[in-house]
$ cat final-v6.cif   # mmCIF, C-alpha atoms
data_start
loop_
_atom_site.label_atom_id
_atom_site.label_comp_id
_atom_site.auth_asym_id
_atom_site.auth_seq_id
_atom_site.Cartn_x
_atom_site.Cartn_y
_atom_site.Cartn_z
CA MET F 1 -11.88 -13.33 -8.98
CA GLN F 2 -10.63 -12.34 -12.39
CA LYS F 3 -6.89 -12.44 -12.31
CA THR F 4 -4.42 -9.92 -13.66
CA ALA F 5 -0.80 -10.16 -14.66
CA THR F 6 1.18 -8.79 -11.73
CA ALA F 7 0.87 -7.36 -8.24
CA CYS F 8 2.14 -4.10 -9.72
CA THR F 9 -1.37 -3.49 -11.02
CA GLY F 10 -2.10 -2.58 -7.40
CA ARG F 11 -5.72 -1.91 -6.76
CA ARG F 12 -6.94 -3.60 -9.95
CA PHE F 13 -5.26 -6.81 -8.86
CA GLY F 14 -6.43 -6.35 -5.28
CA THR F 15 -10.08 -5.86 -6.17
CA ALA F 16 -10.18 -8.98 -8.28
CA LEU F 17 -8.35 -11.11 -5.75
CA LEU F 18 -10.39 -10.13 -2.72
CA ARG F 19 -13.72 -10.52 -4.46
CA ARG F 20 -12.78 -14.08 -5.25
CA VAL F 21 -11.78 -14.62 -1.64
CA ILE F 22 -15.25 -13.53 -0.54
CA LEU F 23 -17.05 -15.69 -3.07
CA ALA F 24 -14.97 -18.74 -2.30
CA GLY F 25 -15.18 -18.32 1.44
CA ILE F 26 -18.66 -19.69 2.10
CA SER F 27 -20.52 -20.29 -1.14
CA ALA F 28 -21.34 -23.87 -2.03
CA VAL F 29 -20.24 -25.32 -5.34
CA TRP F 30 -22.16 -27.25 -7.95
CA LEU F 31 -21.60 -30.87 -7.14
CA GLY F 32 -21.59 -33.27 -10.04
CA PRO F 33 -22.65 -36.91 -9.95
CA ALA F 34 -20.54 -39.01 -7.62
CA ALA F 35 -19.04 -42.31 -8.68
CA VAL F 36 -18.16 -44.41 -5.65
CA ALA F 37 -14.48 -45.36 -5.40
CA GLN F 38 -12.88 -47.76 -2.96
CA PRO F 39 -10.05 -46.65 -0.63
CA ALA F 40 -7.33 -48.32 -2.69
CA ASP F 41 -8.51 -46.38 -5.72
CA LEU F 42 -8.17 -42.89 -4.23
CA SER F 43 -5.01 -41.92 -6.14
CA ALA F 44 -6.46 -43.24 -9.38
CA TYR F 45 -9.75 -41.46 -8.75
CA LEU F 46 -8.05 -38.14 -7.96
CA GLN F 47 -5.84 -38.46 -11.03
CA GLN F 48 -8.92 -39.01 -13.15
CA VAL F 49 -10.55 -35.84 -11.78
CA GLN F 50 -7.30 -33.86 -11.98
CA GLN F 51 -6.86 -34.74 -15.64
CA GLU F 52 -10.53 -34.28 -16.52
CA TYR F 53 -10.52 -30.72 -15.16
CA ASP F 54 -6.91 -30.00 -16.19
CA LEU F 55 -5.79 -29.08 -12.68
CA PRO F 56 -2.10 -28.72 -11.79
CA ALA F 57 -2.48 -30.77 -8.61
CA LEU F 58 -5.23 -32.23 -6.45
CA ALA F 59 -5.06 -33.64 -2.94
CA ALA F 60 -7.66 -35.13 -0.62
CA ALA F 61 -7.88 -36.93 2.70
CA VAL F 62 -10.52 -38.64 4.79
CA VAL F 63 -10.20 -38.75 8.58
CA LYS F 64 -12.39 -41.01 10.72
CA ASP F 65 -12.25 -41.24 14.53
CA GLY F 66 -9.09 -39.18 14.45
CA GLN F 67 -7.27 -41.45 11.99
CA VAL F 68 -6.53 -40.69 8.34
CA ILE F 69 -8.06 -43.64 6.51
CA ALA F 70 -7.44 -42.40 2.96
CA ALA F 71 -5.16 -39.74 1.51
CA ALA F 72 -3.51 -38.98 -1.80
CA ALA F 73 -1.98 -36.14 -3.78
CA VAL F 74 -1.65 -36.19 -7.57
CA GLY F 75 -0.46 -33.88 -10.31
CA THR F 76 2.45 -31.46 -10.47
CA ARG F 77 3.61 -28.46 -8.48
CA VAL F 78 3.39 -26.27 -11.58
CA TRP F 79 0.70 -26.63 -14.24
CA HIS F 80 1.94 -29.01 -16.95
CA GLY F 81 5.27 -29.18 -15.13
CA GLN F 82 7.57 -32.12 -14.50
CA VAL F 83 7.89 -32.20 -10.70
CA PRO F 84 5.11 -34.25 -9.11
CA VAL F 85 3.48 -33.24 -5.84
CA SER F 86 3.96 -35.44 -2.81
CA ILE F 87 1.58 -36.17 0.05
CA ASN F 88 3.59 -33.66 2.11
CA ASP F 89 3.33 -30.78 -0.37
CA ARG F 90 1.78 -27.62 1.05
CA PHE F 91 -1.53 -26.30 -0.33
CA HIS F 92 -3.17 -22.96 0.49
CA LEU F 93 -6.27 -22.87 2.74
CA GLY F 94 -7.54 -19.38 1.97
CA SER F 95 -10.60 -18.52 4.05
CA ASN F 96 -10.52 -21.91 5.72
CA THR F 97 -8.00 -20.20 7.99
CA LYS F 98 -10.97 -18.39 9.55
CA SER F 99 -11.91 -21.32 11.80
CA MET F 100 -8.36 -21.21 13.20
CA THR F 101 -8.66 -17.50 13.93
CA ALA F 102 -11.98 -18.19 15.64
CA THR F 103 -10.30 -20.90 17.71
CA LEU F 104 -7.59 -18.46 18.80
CA ALA F 105 -10.40 -16.13 19.88
CA GLY F 106 -11.92 -19.03 21.81
CA MET F 107 -8.63 -19.50 23.65
CA MET F 108 -8.71 -15.87 24.70
CA VAL F 109 -12.29 -16.35 25.92
CA ASP F 110 -11.35 -19.44 27.92
CA GLU F 111 -8.44 -17.52 29.47
CA GLY F 112 -10.68 -14.63 30.47
CA ARG F 113 -8.91 -12.13 28.22
CA LEU F 114 -11.92 -11.68 25.95
CA SER F 115 -15.59 -12.57 25.94
CA TRP F 116 -17.75 -13.19 22.88
CA SER F 117 -19.48 -9.91 23.75
CA SER F 118 -16.22 -7.92 23.94
CA THR F 119 -16.51 -4.90 21.66
CA VAL F 120 -14.08 -3.30 19.28
CA GLY F 121 -14.21 -0.11 21.34
CA GLU F 122 -13.46 -1.88 24.62
CA VAL F 123 -10.44 -3.70 23.26
CA LEU F 124 -9.04 -1.37 20.60
CA GLY F 125 -10.54 2.03 21.43
CA ALA F 126 -7.41 3.30 23.17
CA ASP F 127 -5.27 2.36 20.16
CA VAL F 128 -7.77 3.66 17.60
CA PRO F 129 -9.60 6.63 19.18
CA GLY F 130 -12.58 8.13 17.42
CA LEU F 131 -14.26 4.92 16.27
CA SER F 132 -17.79 5.49 15.04
CA PRO F 133 -20.31 4.50 17.75
CA SER F 134 -21.66 1.57 15.76
CA LEU F 135 -18.18 0.25 14.92
CA ALA F 136 -17.11 0.61 18.54
CA LYS F 137 -20.12 -1.49 19.61
CA ALA F 138 -19.42 -4.37 17.22
CA THR F 139 -18.73 -7.54 19.22
CA LEU F 140 -16.20 -10.29 18.75
CA GLU F 141 -19.01 -12.76 18.10
CA GLN F 142 -20.44 -10.52 15.40
CA LEU F 143 -17.06 -10.06 13.72
CA LEU F 144 -16.42 -13.81 13.60
CA SER F 145 -19.93 -14.62 12.34
CA HIS F 146 -19.96 -11.87 9.68
CA SER F 147 -22.96 -10.22 11.34
CA SER F 148 -21.47 -6.96 12.67
CA GLY F 149 -22.70 -4.70 9.87
CA ILE F 150 -19.20 -4.43 8.37
CA PRO F 151 -19.68 -5.03 4.64
CA GLY F 152 -17.78 -7.27 2.31
CA ASP F 153 -14.62 -5.80 0.85
CA THR F 154 -15.43 -2.41 -0.67
CA ASP F 155 -13.24 -0.46 -3.08
CA GLU F 156 -12.14 1.71 -0.16
CA MET F 157 -11.15 -1.34 1.89
CA LEU F 158 -9.24 -2.80 -1.02
CA THR F 159 -7.32 0.43 -1.41
CA LEU F 160 -6.39 0.19 2.27
CA TYR F 161 -5.19 -3.41 1.86
CA PHE F 162 -2.96 -2.52 -1.09
CA ASN F 163 -0.99 0.62 -0.20
CA GLU F 164 2.48 1.78 0.74
CA ASN F 165 1.91 1.31 4.50
CA VAL F 166 2.81 -2.34 4.07
CA PHE F 167 6.45 -1.28 3.84
CA ASP F 168 6.41 0.73 7.07
CA TYR F 169 4.74 -1.40 9.74
CA ASN F 170 4.68 -4.87 11.25
CA PRO F 171 1.36 -6.66 10.66
CA PRO F 172 -0.24 -5.87 14.08
CA ALA F 173 0.43 -2.15 13.67
CA LEU F 174 -0.62 -2.28 10.03
CA ARG F 175 -3.97 -3.77 11.02
CA LEU F 176 -4.54 -0.95 13.52
CA HIS F 177 -3.57 1.68 10.91
CA THR F 178 -6.02 0.12 8.48
CA LEU F 179 -8.80 0.14 11.06
CA ALA F 180 -7.98 3.77 11.92
CA ALA F 181 -8.33 4.76 8.27
CA TRP F 182 -11.84 3.23 8.20
CA LYS F 183 -12.97 4.15 11.73
CA ASN F 184 -15.52 6.83 10.82
CA HIS F 185 -17.87 4.47 8.99
CA ASP F 186 -21.26 3.71 10.49
CA LEU F 187 -22.24 0.06 10.32
CA VAL F 188 -25.48 -0.74 8.53
CA MET F 189 -27.34 -4.01 8.95
CA PRO F 190 -28.95 -5.20 5.72
CA GLU F 191 -32.63 -6.11 5.73
CA GLY F 192 -33.36 -9.71 6.53
CA SER F 193 -30.16 -11.51 7.48
CA PRO F 194 -27.32 -9.45 9.00
CA PHE F 195 -24.79 -11.76 7.31
CA GLN F 196 -22.19 -9.99 5.16
CA TYR F 197 -19.03 -11.98 4.43
CA SER F 198 -16.31 -9.65 5.71
CA ASN F 199 -12.56 -10.17 5.60
CA PHE F 200 -12.22 -6.72 7.20
CA GLY F 201 -14.15 -8.00 10.21
CA TYR F 202 -11.71 -10.87 10.61
CA MET F 203 -8.82 -8.43 10.39
CA ILE F 204 -10.33 -6.52 13.33
CA ALA F 205 -10.92 -9.76 15.25
CA GLY F 206 -7.26 -10.61 14.69
CA SER F 207 -6.28 -7.24 16.15
CA MET F 208 -8.45 -7.87 19.21
CA ILE F 209 -6.84 -11.27 19.73
CA GLU F 210 -3.28 -10.00 19.44
CA LYS F 211 -4.04 -6.98 21.63
CA VAL F 212 -5.18 -9.03 24.64
CA ALA F 213 -2.58 -11.75 24.04
CA GLY F 214 0.29 -9.30 23.65
CA THR F 215 1.48 -11.44 20.76
CA PRO F 216 1.04 -11.06 16.97
CA TRP F 217 -1.65 -13.18 15.36
CA GLU F 218 1.00 -14.79 13.15
CA GLN F 219 3.03 -15.94 16.15
CA LEU F 220 -0.09 -17.21 17.92
CA MET F 221 -0.92 -19.35 14.91
CA TYR F 222 2.40 -21.17 15.22
CA GLU F 223 2.45 -21.36 19.00
CA ARG F 224 -1.21 -22.10 19.72
CA ILE F 225 -2.46 -23.95 16.61
CA PHE F 226 0.28 -25.37 14.38
CA GLY F 227 2.58 -26.52 17.20
CA PRO F 228 0.04 -28.23 19.49
CA MET F 229 -1.67 -29.84 16.48
CA GLY F 230 1.62 -31.28 15.22
CA MET F 231 1.22 -29.55 11.86
CA GLU F 232 4.86 -29.73 10.82
CA THR F 233 4.25 -28.48 7.28
CA ALA F 234 2.03 -25.54 8.30
CA ARG F 235 3.05 -22.02 7.30
CA LEU F 236 1.56 -18.60 6.59
CA GLY F 237 1.61 -16.90 3.21
CA ALA F 238 2.46 -18.39 -0.16
CA GLN F 239 3.07 -22.13 -0.17
CA ALA F 240 6.56 -22.33 -1.68
CA THR F 241 9.74 -21.37 0.14
CA TYR F 242 11.07 -18.14 -1.32
CA GLY F 243 13.43 -19.11 -4.15
CA LEU F 244 12.27 -22.74 -4.27
CA VAL F 245 9.43 -24.55 -5.96
CA ASP F 246 9.00 -26.96 -3.05
CA ALA F 247 5.19 -26.95 -2.84
CA ALA F 248 2.09 -26.96 -5.01
CA VAL F 249 2.22 -23.30 -6.07
CA GLY F 250 -0.91 -21.32 -6.89
CA HIS F 251 -1.91 -20.30 -10.41
CA ARG F 252 -3.59 -17.26 -11.90
CA VAL F 253 -5.60 -17.15 -15.11
CA GLN F 254 -4.67 -13.98 -16.98
CA PRO F 255 -7.19 -11.93 -19.03
CA ASP F 256 -6.03 -13.59 -22.26
CA GLY F 257 -6.67 -17.02 -20.76
CA THR F 258 -3.05 -18.01 -20.20
CA ILE F 259 -2.16 -19.64 -16.89
CA MET F 260 0.64 -18.20 -14.80
CA PRO F 261 2.16 -19.98 -11.78
CA MET F 262 2.55 -17.60 -8.84
CA LEU F 263 5.72 -18.67 -7.07
CA TRP F 264 6.60 -16.23 -4.28
CA GLY F 265 6.30 -12.69 -3.04
CA PRO F 266 3.31 -10.38 -2.51
CA ALA F 267 1.57 -11.43 -5.72
CA ALA F 268 1.39 -15.05 -4.55
CA ASP F 269 -1.01 -14.44 -1.64
CA VAL F 270 -3.44 -12.04 0.01
CA PRO F 271 -2.07 -8.90 1.72
CA THR F 272 -0.63 -9.66 5.15
CA VAL F 273 -2.91 -7.10 6.79
CA ILE F 274 -5.85 -9.48 6.36
CA ALA F 275 -3.92 -12.65 7.19
CA PRO F 276 -6.44 -13.57 9.96
CA ALA F 277 -9.05 -13.85 7.20
CA GLY F 278 -7.09 -16.48 5.29
CA ASN F 279 -3.41 -17.06 4.58
CA ALA F 280 -2.47 -20.43 6.13
CA ASN F 281 -1.04 -23.28 4.07
CA MET F 282 -0.10 -26.87 4.87
CA SER F 283 -0.12 -30.44 3.55
CA VAL F 284 -3.34 -32.34 3.08
CA LEU F 285 -2.31 -34.64 5.94
CA ASP F 286 -1.83 -31.73 8.32
CA TYR F 287 -5.12 -30.22 7.24
CA ALA F 288 -6.76 -33.58 7.90
CA LYS F 289 -5.55 -33.20 11.50
CA TRP F 290 -7.58 -30.01 11.76
CA ALA F 291 -10.62 -31.69 10.23
CA GLY F 292 -10.27 -34.67 12.56
CA TRP F 293 -9.84 -32.52 15.65
CA ASN F 294 -13.00 -30.60 14.83
CA ALA F 295 -14.92 -33.72 13.82
CA GLY F 296 -14.05 -35.22 17.21
CA GLN F 297 -15.09 -31.95 18.88
CA GLY F 298 -11.64 -31.61 20.41
CA LYS F 299 -12.18 -34.56 22.76
CA ARG F 300 -9.02 -36.40 21.72
CA GLY F 301 -6.81 -33.39 22.29
CA PRO F 302 -4.90 -31.26 22.17
CA ALA F 303 -7.10 -29.21 24.50
CA LEU F 304 -7.04 -26.01 22.48
CA VAL F 305 -10.35 -24.74 23.87
CA THR F 306 -12.99 -26.10 26.24
CA PRO F 307 -15.78 -28.26 24.79
CA GLU F 308 -18.26 -25.49 25.61
CA THR F 309 -16.24 -22.94 23.67
CA LEU F 310 -15.79 -25.25 20.69
CA ASN F 311 -19.55 -25.78 20.66
CA VAL F 312 -20.02 -22.01 20.43
CA ILE F 313 -17.56 -21.87 17.52
CA GLN F 314 -19.24 -24.71 15.63
CA SER F 315 -22.85 -23.63 16.25
CA SER F 316 -24.88 -21.40 13.95
CA HIS F 317 -24.96 -17.73 14.98
CA VAL F 318 -26.55 -16.25 11.88
CA GLN F 319 -28.52 -17.42 8.88
CA THR F 320 -27.03 -16.60 5.51
CA PRO F 321 -29.31 -14.80 3.03
CA VAL F 322 -31.65 -16.91 0.94
CA ARG F 323 -30.70 -17.29 -2.71
CA ARG F 324 -33.67 -17.89 -4.99
CA ASN F 325 -33.23 -20.60 -7.62
CA PRO F 326 -29.62 -21.43 -6.79
CA PRO F 327 -27.53 -23.58 -9.15
CA PRO F 328 -28.25 -27.31 -8.96
CA GLY F 329 -26.69 -28.96 -5.93
CA THR F 330 -26.17 -25.75 -3.95
CA PRO F 331 -28.27 -24.79 -0.92
CA GLU F 332 -30.66 -21.86 -0.85
CA THR F 333 -29.37 -20.85 2.54
CA GLY F 334 -27.49 -22.12 5.57
CA GLY F 335 -26.15 -21.18 8.95
CA TYR F 336 -22.81 -19.63 9.82
CA GLY F 337 -20.96 -20.14 13.08
CA LEU F 338 -17.57 -18.65 13.93
CA GLY F 339 -15.43 -19.48 10.90
CA TRP F 340 -17.72 -22.36 9.94
CA GLY F 341 -20.66 -22.75 7.60
CA ILE F 342 -23.46 -25.10 8.62
CA VAL F 343 -25.06 -26.35 5.41
CA ALA F 344 -27.68 -29.03 4.75
CA PHE F 345 -26.36 -30.66 1.58
CA ASP F 346 -28.97 -32.69 -0.27
CA TRP F 347 -26.47 -35.54 -0.67
CA ALA F 348 -25.80 -35.74 3.07
CA GLY F 349 -29.33 -35.58 4.41
CA LYS F 350 -28.38 -33.32 7.33
CA PRO F 351 -26.43 -30.14 8.11
CA LEU F 352 -22.65 -30.47 8.07
CA LEU F 353 -19.82 -28.17 9.08
CA THR F 354 -18.13 -26.84 5.97
CA HIS F 355 -16.15 -23.99 4.45
CA ASN F 356 -14.56 -22.95 1.18
CA GLY F 357 -11.30 -21.05 0.89
CA SER F 358 -9.44 -19.35 -1.92
CA ASN F 359 -6.86 -16.60 -2.41
CA SER F 360 -7.79 -16.54 -6.14
CA MET F 361 -4.92 -18.91 -6.99
CA ASN F 362 -5.84 -21.97 -4.91
CA LEU F 363 -8.95 -23.72 -3.62
CA ALA F 364 -9.63 -25.53 -0.35
CA ARG F 365 -12.78 -27.28 0.76
CA LEU F 366 -13.72 -29.39 3.74
CA VAL F 367 -16.81 -30.97 5.20
CA ILE F 368 -17.14 -32.34 8.74
CA ASP F 369 -19.73 -34.65 10.25
CA PRO F 370 -19.31 -34.55 14.05
CA ASP F 371 -22.04 -37.18 14.50
CA GLN F 372 -19.84 -39.70 12.67
CA ASP F 373 -16.49 -38.20 13.72
CA LEU F 374 -15.75 -37.93 9.99
CA GLY F 375 -13.97 -35.27 7.98
CA VAL F 376 -13.12 -34.81 4.30
CA VAL F 377 -10.62 -32.25 2.96
CA VAL F 378 -9.90 -31.44 -0.68
CA LEU F 379 -7.22 -29.06 -1.97
CA THR F 380 -6.01 -27.84 -5.34
CA ASN F 381 -3.56 -25.18 -6.53
CA PHE F 382 -5.94 -23.69 -9.08
CA ALA F 383 -9.03 -21.50 -8.74
CA SER F 384 -11.06 -21.60 -11.95
CA GLN F 385 -14.78 -22.36 -11.96
CA PRO F 386 -14.09 -25.87 -13.33
CA ALA F 387 -11.65 -26.33 -10.43
CA ASN F 388 -14.44 -25.28 -8.07
CA VAL F 389 -16.70 -27.93 -9.58
CA ALA F 390 -13.97 -30.57 -9.36
CA VAL F 391 -13.20 -29.92 -5.70
CA GLY F 392 -16.89 -30.05 -4.79
CA GLU F 393 -17.36 -33.26 -6.74
CA VAL F 394 -14.47 -34.93 -4.91
CA MET F 395 -15.75 -33.76 -1.53
CA GLN F 396 -19.22 -35.19 -2.14
CA HIS F 397 -17.80 -38.38 -3.58
CA LEU F 398 -15.54 -39.05 -0.59
CA TYR F 399 -18.18 -38.19 1.98
CA GLN F 400 -20.66 -40.57 0.38
CA THR F 401 -17.99 -43.26 0.11
CA TYR F 402 -16.93 -43.17 3.76
CA ALA F 403 -19.98 -41.98 5.68
CA ASP F 404 -22.17 -44.57 7.34
CA PRO F 405 -25.49 -45.10 5.59
#
$ encode --input "final-v6.cif" --output "structure tokens"
Amino acid sequence: MQKTATACTGRRFGTALLRRVILAGISAVWLGPAAVAQPADLSAYLQQVQQEYDLPALAAAVVKDGQVIAAAAVGTRVWHGQVPVSINDRFHLGSNTKSMTATLAGMMVDEGRLSWSSTVGEVLGADVPGLSPSLAKATLEQLLSHSSGIPGDTDEMLTLYFNENVFDYNPPALRLHTLAAWKNHDLVMPEGSPFQYSNFGYMIAGSMIEKVAGTPWEQLMYERIFGPMGMETARLGAQATYGLVDAAVGHRVQPDGTIMPMLWGPAADVPTVIAPAGNANMSVLDYAKWAGWNAGQGKRGPALVTPETLNVIQSSHVQTPVRRNPPPGTPETGGYGLGWGIVAFDWAGKPLLTHNGSNSMNLARLVIDPDQDLGVVVLTNFASQPANVAVGEVMQHLYQTYADP
């Protein structure tokens, strides 16, 4: 995602931002050699990585059997600034929000309001008449596994995300207006794997969820995810409170190479219309709660969804396309569940649940090993390629440090 100076550049800014969101959402990063650190050395280790890669801030946590056994946050809220981050500072999750949206969908399935085979036409057809036959037939499962035939963000989609309608509608209505503007498209499955990483598909899934719930997706996130999970720092949108620098704010690299902190407002996050695809933020400790809950397969509570439904969410539904001669340390292919990647990392020896997230100004990464009830989360408020390498290096390092042989 090449970054531009201001949100006023409209579509130019939008195209760059969303392309980075797609790339960061599921792709694996190059993982450098891991030096093993002991628990007491976590802050020192993170500071070493943060300084080596010149990151504003870096946070990580390890959760085992539902307990955080290591956590630290280092660096400053603003690049080369004076205010240090704390362990409670909020970081952006980007596309790692997708597993939360999928869990909300699972709640609707458990409550009988939706099924995984519910179609766009069945749920939204009355609100958006005239859907193309193939779009109307797309199922909830396909939307959440990126296998519906809806492509990754096209120029037309990006224009829809960034337009004047944002000033006229609440997010649920805005999502329906956006779908209506795209409704005539026929869905085309690519040859080989049907996988196409689609934020637009998650927007539609969010509309289906809020339609049957009678409640906006944003409100459901607070009431059904953040509240029950005890995520007291969790929010939606940009990390910092408007008018305050009270979190690890995101940063954009401008075309001339200068780094600009993005404090508040529309330029500091993705458009609200695609919030279900990735706009949550929270502290590393609160994100560790999410990792721990999923690593424990929801057995410790809260009972967000049934074990059977969580198994559907965490299981592979589609195989991602094979990449020939990928960069060292990255997989040729992998599975994708509902908001989760299932990747066999060479340093783990088995498939793990994982996901990457970025809104072009921040990076989030987690890996989960349900067999060991172990989770690792890593967050930074920067999104350069070196930052991508650093976050992957820390994730591998911490997994290898804390996983059983």
$ residues_around --input "final-v6.cif" --residues "region 212-228 of chain F" --least-positions-apart "3" --cutoff "10 Å" --atoms "only C-alpha atoms" --output "ChimeraX atom specification"
/F:97,100-101,103-105,107-108,111-114,123-124,170-173,203,205-209,231-236,272,275-276,279-280,282,286,290,301-304
$ atom_distance --input "final-v6.cif" --atom1 "CA of Gln196 (chain F)" --atom2 "CA of Val322 (chain F)"
12.5 Å
$ residues_around --input "final-v6.cif" --residues "region 139-154 of chain F" --least-positions-apart "6" --cutoff "9 Å" --atoms "all atoms listed in the file" --output "number ranges by chain"
F: 15, 18-19, 22, 98-99, 101-102, 105, 114-121, 186-190, 193-202, 204-205, 208, 316-318, 336-340
$ resolve_selection --input "final-v6.cif" --expression "the PyMOL selection byres ((chain F and resi 70) around 8)" --output "list in words"
Pro39, Leu42, Ala61, Val62, Val63, Val68, Ile69, Ala71 and Ala72 of chain F
$ write_last_selection --input "final-v6.cif" --atoms "C-alpha atoms" --output "tab-separated table (two decimals), in the coordinates of the input"
chain	number	residue	atom	x	y	z
F	39	PRO	CA	-10.05	-46.65	-0.63
F	42	LEU	CA	-8.17	-42.89	-4.23
F	61	ALA	CA	-7.88	-36.93	2.70
F	62	VAL	CA	-10.52	-38.64	4.79
F	63	VAL	CA	-10.20	-38.75	8.58
F	68	VAL	CA	-6.53	-40.69	8.34
F	69	ILE	CA	-8.06	-43.64	6.51
F	71	ALA	CA	-5.16	-39.74	1.51
F	72	ALA	CA	-3.51	-38.98	-1.80
$ resolve_selection --input "final-v6.cif" --expression "the PyMOL selection byres ((chain F and resi 381) around 9)" --output "mmCIF file with C-alpha atoms, in the coordinates of the input"
data_model
loop_
_atom_site.group_PDB
_atom_site.id
_atom_site.type_symbol
_atom_site.label_atom_id
_atom_site.label_comp_id
_atom_site.auth_asym_id
_atom_site.auth_seq_id
_atom_site.Cartn_x
_atom_site.Cartn_y
_atom_site.Cartn_z
ATOM 1 C CA LEU F 55 -5.790 -29.080 -12.680
ATOM 2 C CA PRO F 56 -2.100 -28.720 -11.790
ATOM 3 C CA ALA F 57 -2.480 -30.770 -8.610
ATOM 4 C CA LEU F 58 -5.230 -32.230 -6.450
ATOM 5 C CA ARG F 77 3.610 -28.460 -8.480
ATOM 6 C CA VAL F 78 3.390 -26.270 -11.580
ATOM 7 C CA TRP F 79 0.700 -26.630 -14.240
ATOM 8 C CA PHE F 91 -1.530 -26.300 -0.330
ATOM 9 C CA HIS F 92 -3.170 -22.960 0.490
ATOM 10 C CA ALA F 248 2.090 -26.960 -5.010
ATOM 11 C CA VAL F 249 2.220 -23.300 -6.070
ATOM 12 C CA GLY F 250 -0.910 -21.320 -6.890
ATOM 13 C CA HIS F 251 -1.910 -20.300 -10.410
ATOM 14 C CA MET F 361 -4.920 -18.910 -6.990
ATOM 15 C CA ASN F 362 -5.840 -21.970 -4.910
ATOM 16 C CA LEU F 363 -8.950 -23.720 -3.620
ATOM 17 C CA ALA F 364 -9.630 -25.530 -0.350
ATOM 18 C CA LEU F 379 -7.220 -29.060 -1.970
ATOM 19 C CA THR F 380 -6.010 -27.840 -5.340
ATOM 20 C CA PHE F 382 -5.940 -23.690 -9.080
ATOM 21 C CA ALA F 383 -9.030 -21.500 -8.740
#
$ atom_distance --input "final-v6.cif" --atom1 "CA of Glu393 (chain F)" --atom2 "CA of Val49 (chain F)"
8.9 Å
$ atom_distance --input "final-v6.cif" --atom1 "CA of Ala267 (chain F)" --atom2 "CA of Phe162 (chain F)"
11.0 Å
$ residues_around --input "final-v6.cif" --residues "region 244-247 of chain F" --least-positions-apart "2" --cutoff "8 Å" --atoms "all atoms listed in the file" --output "number ranges by chain"
F: 77, 85, 89-91, 239-242, 249, 263
$ build_atoms --input "final-v6.cif" --residues "region 41-53 of chain F" --atoms "N, CA and C atoms" --output "PDB file, in the coordinates of the input"
ATOM      1  N   ASP F  41      -8.442 -47.054  -4.437  1.00  0.00           N
ATOM      2  CA  ASP F  41      -8.510 -46.380  -5.720  1.00  0.00           C
ATOM      3  C   ASP F  41      -8.423 -44.869  -5.605  1.00  0.00           C
ATOM      4  N   LEU F  42      -8.106 -44.338  -4.412  1.00  0.00           N
ATOM      5  CA  LEU F  42      -8.170 -42.890  -4.230  1.00  0.00           C
ATOM      6  C   LEU F  42      -7.213 -42.159  -5.161  1.00  0.00           C
ATOM      7  N   SER F  43      -5.959 -42.600  -5.254  1.00  0.00           N
ATOM      8  CA  SER F  43      -5.010 -41.920  -6.140  1.00  0.00           C
ATOM      9  C   SER F  43      -5.496 -41.961  -7.583  1.00  0.00           C
ATOM     10  N   ALA F  44      -5.981 -43.112  -8.008  1.00  0.00           N
ATOM     11  CA  ALA F  44      -6.460 -43.240  -9.380  1.00  0.00           C
ATOM     12  C   ALA F  44      -7.678 -42.347  -9.612  1.00  0.00           C
ATOM     13  N   TYR F  45      -8.566 -42.306  -8.615  1.00  0.00           N
ATOM     14  CA  TYR F  45      -9.750 -41.460  -8.750  1.00  0.00           C
ATOM     15  C   TYR F  45      -9.363 -39.986  -8.826  1.00  0.00           C
ATOM     16  N   LEU F  46      -8.470 -39.536  -7.937  1.00  0.00           N
ATOM     17  CA  LEU F  46      -8.050 -38.140  -7.960  1.00  0.00           C
ATOM     18  C   LEU F  46      -7.347 -37.794  -9.267  1.00  0.00           C
ATOM     19  N   GLN F  47      -6.536 -38.722  -9.764  1.00  0.00           N
ATOM     20  CA  GLN F  47      -5.840 -38.460 -11.030  1.00  0.00           C
ATOM     21  C   GLN F  47      -6.844 -38.316 -12.167  1.00  0.00           C
ATOM     22  N   GLN F  48      -7.886 -39.115 -12.126  1.00  0.00           N
ATOM     23  CA  GLN F  48      -8.920 -39.010 -13.150  1.00  0.00           C
ATOM     24  C   GLN F  48      -9.582 -37.634 -13.117  1.00  0.00           C
ATOM     25  N   VAL F  49      -9.929 -37.155 -11.916  1.00  0.00           N
ATOM     26  CA  VAL F  49     -10.550 -35.840 -11.780  1.00  0.00           C
ATOM     27  C   VAL F  49      -9.567 -34.735 -12.151  1.00  0.00           C
ATOM     28  N   GLN F  50      -8.331 -34.867 -11.687  1.00  0.00           N
ATOM     29  CA  GLN F  50      -7.300 -33.860 -11.980  1.00  0.00           C
ATOM     30  C   GLN F  50      -7.100 -33.704 -13.483  1.00  0.00           C
ATOM     31  N   GLN F  51      -7.063 -34.809 -14.189  1.00  0.00           N
ATOM     32  CA  GLN F  51      -6.860 -34.740 -15.640  1.00  0.00           C
ATOM     33  C   GLN F  51      -8.116 -34.264 -16.366  1.00  0.00           C
ATOM     34  N   GLU F  52      -9.282 -34.691 -15.880  1.00  0.00           N
ATOM     35  CA  GLU F  52     -10.530 -34.280 -16.520  1.00  0.00           C
ATOM     36  C   GLU F  52     -10.706 -32.766 -16.468  1.00  0.00           C
ATOM     37  N   TYR F  53     -10.355 -32.160 -15.333  1.00  0.00           N
ATOM     38  CA  TYR F  53     -10.520 -30.720 -15.160  1.00  0.00           C
ATOM     39  C   TYR F  53      -9.241 -29.938 -15.408  1.00  0.00           C
TER      40      TYR F  53
END
